[in-house]
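Below is one structure, written out as structure tokens; the observations come after it.
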Amino acid sequence: MKNATSAIHSNIWVKTRMNSHLRKSSPIPRALPMVAAVFVLLMFATMGFASDTRPENEVRQQFAAGGQIHLDLSSGGYTIRGGDTDEIVISYHADSEDQLRGIKAGVHVTGSIARINISGTPHNNFRAEIEVPRQSALKVEMFAGEVVIDDVTGDKDVHLTSGRIEIRIPNPDEYGPREASVTAGSIEASAFNISKGGLFRSFEQSGRGKYRLRARVTTGEIDLRGTN
């Protein structure tokens with residue numbers, strides 16, 4: 001009986017020692033979730049960093065305010081933005097170096113007239129930003145895509161075959177003749193209290209301002225947006 005009791009006590013002592021050892025070892029597996037979380041955060045940070053390092057190019061050309069800028073643009077999305085500057089700056093990205101080399105962007109200046117040509121753009125969501133002197137007259141021609149004009153003071157003549165034109169107009173009274181037309185689509189001109197949609201839609205107004213505004217889209221949308 002004494003031997004049996006000793007054996008039971010010995011067995012309990014062994015199990016107690018084993019459980020104590022396991023408890024002391026538990027911090028290692030508890031740390032694993034924290035390590036995994038740090039790894040995931042680093043992975044996403046690396047992915048975000050990689051997305052900001054796509055090949056890019058920038059074209060600069062001196063050009064004084066008060067001139068005319070003609071833009072012949074390959075299909076894509078463009079923001080034309082005015083600024084306190086005496087140059088034209090074209091900035092764009094591509095998904096690869098080969099794709100970047102295929103894009104041709106140039107600015108040619110003759111006196112007070114600048115001509116911007118962009119060609120060879122990819123068909124997968126290409127976007128570019130074009131900064132111009134705030135006081136500039138714009139004439140834009142493009143087959144398909146989107147053109148957004150922001151903070152540019154002067155005449156505007158924009159023509160797309162297919163897509164969307166957005167012109168932000170903080171001061172509608174700056175314009176004299178104003179006209180817009182779509183063969184199929186919509187005209188939303190909050191700057192001039194106009195809203196039309198359907199086939200062969202257009203409007204013409206005469207204001208007291210000195211600048212001329214003309215926007216034409218064959219198929220798509222025109223948004224002449226008041227910003228006040």
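Convention: chains lettered A, B, ... in structure tokens order; per-chain residue numbering from 1; ligands numbered from 1 as shown.
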
Against stretch 52-65 of chain A, which residues of stretch 78-155 of chain A fall within 8 Å? For each one I want the closest pair of atoms and the distance in Å (one decimal), counting only C-alpha atoms, rows by chain and increasing residue number, as a Markdown table.
```
| residue | atom | partner | partner_atom | distance |
| --- | --- | --- | --- | --- |
| A:Thr85 | CA | A:Ala65 | CA | 7.8 |
| A:Asp86 | CA | A:Ala64 | CA | 4.9 |
| A:Glu87 | CA | A:Gln62 | CA | 4.1 |
| A:Ile88 | CA | A:Gln61 | CA | 5.3 |
| A:Val89 | CA | A:Arg60 | CA | 4.6 |
| A:Ile90 | CA | A:Val59 | CA | 5.1 |
| A:Ser91 | CA | A:Glu58 | CA | 4.6 |
| A:Tyr92 | CA | A:Asn57 | CA | 5.7 |
| A:His93 | CA | A:Glu56 | CA | 4.2 |
| A:Ala94 | CA | A:Pro55 | CA | 5.6 |
| A:Asp95 | CA | A:Arg54 | CA | 6.0 |
| A:Ser96 | CA | A:Pro55 | CA | 6.1 |
| A:Glu97 | CA | A:Pro55 | CA | 6.0 |
| A:Leu100 | CA | A:Pro55 | CA | 6.8 |
| A:Ala105 | CA | A:Val59 | CA | 7.2 |
| A:Gly106 | CA | A:Val59 | CA | 7.0 |
| A:Val107 | CA | A:Gln61 | CA | 6.5 |
| A:Val109 | CA | A:Phe63 | CA | 7.4 |
| A:Ser112 | CA | A:Ala64 | CA | 7.4 |
| A:Ala114 | CA | A:Phe63 | CA | 7.5 |
| A:Pro133 | CA | A:Ala65 | CA | 5.1 |
| A:Arg134 | CA | A:Ala65 | CA | 6.9 |
| A:Gln135 | CA | A:Ala65 | CA | 5.3 |
| A:Ser136 | CA | A:Ala65 | CA | 6.1 |
```

Pull the closest atom pair for each residue of stretch 124-165 of chain A that gets at most 10 Å from stretch 177-192 of chain A, along with the distance in Å to one decimal, counting only C-alpha atoms, ordering rows by chain and then ascending residue number, as JSON lines.
```
{"residue": "A:Asp155", "atom": "CA", "partner": "A:Pro177", "partner_atom": "CA", "distance": 10.0}
{"residue": "A:Lys156", "atom": "CA", "partner": "A:Arg178", "partner_atom": "CA", "distance": 9.7}
{"residue": "A:Asp157", "atom": "CA", "partner": "A:Glu179", "partner_atom": "CA", "distance": 9.7}
{"residue": "A:Val158", "atom": "CA", "partner": "A:Ala180", "partner_atom": "CA", "distance": 9.5}
{"residue": "A:His159", "atom": "CA", "partner": "A:Ser181", "partner_atom": "CA", "distance": 9.8}
{"residue": "A:Leu160", "atom": "CA", "partner": "A:Val182", "partner_atom": "CA", "distance": 9.8}
{"residue": "A:Thr161", "atom": "CA", "partner": "A:Val182", "partner_atom": "CA", "distance": 9.6}
{"residue": "A:Ser162", "atom": "CA", "partner": "A:Ala184", "partner_atom": "CA", "distance": 9.7}
{"residue": "A:Gly163", "atom": "CA", "partner": "A:Gly185", "partner_atom": "CA", "distance": 9.6}
{"residue": "A:Arg164", "atom": "CA", "partner": "A:Gly185", "partner_atom": "CA", "distance": 9.7}
{"residue": "A:Ile165", "atom": "CA", "partner": "A:Ile187", "partner_atom": "CA", "distance": 9.7}
```

Discussion item. Report, in Å to a single decimal, how far apart atom CA of A:Arg216 and atom CA of A:Phe200 are.
Written reply: 11.1 Å

Item to complete: Could you tell me how far atom CA of A:Ser75 lies from atom CA of A:Ala137, in Å and to one decimal?
Response: 21.5 Å

Worksheet item: Hey, which of A:Leu73, A:Ile103, A:Ile222, A:Ile113 ends up closest to A:Val140? Count only C-alpha atoms.
Response: A:Leu73

Worksheet entry | Gap from atom CA of A:Tyr78 to atom CA of A:Glu146 - Å, one decimal | 6.2 Å

Discussion item. Ranking A:Arg201, A:Arg81, A:Arg115, A:Arg208 by minimum distance to A:Gly176 and counting only C-alpha atoms, which one comes first?
Written reply: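 Closest to A:Gly176 of all the choices is A:Arg208.
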
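Secondary structure from DSSP on the backbone puts alpha helix (DSSP H) at the following positions of stretch 98-228 of chain A: Asp98, Gln99, Leu100, Arg101 and Gly102 of chain A.
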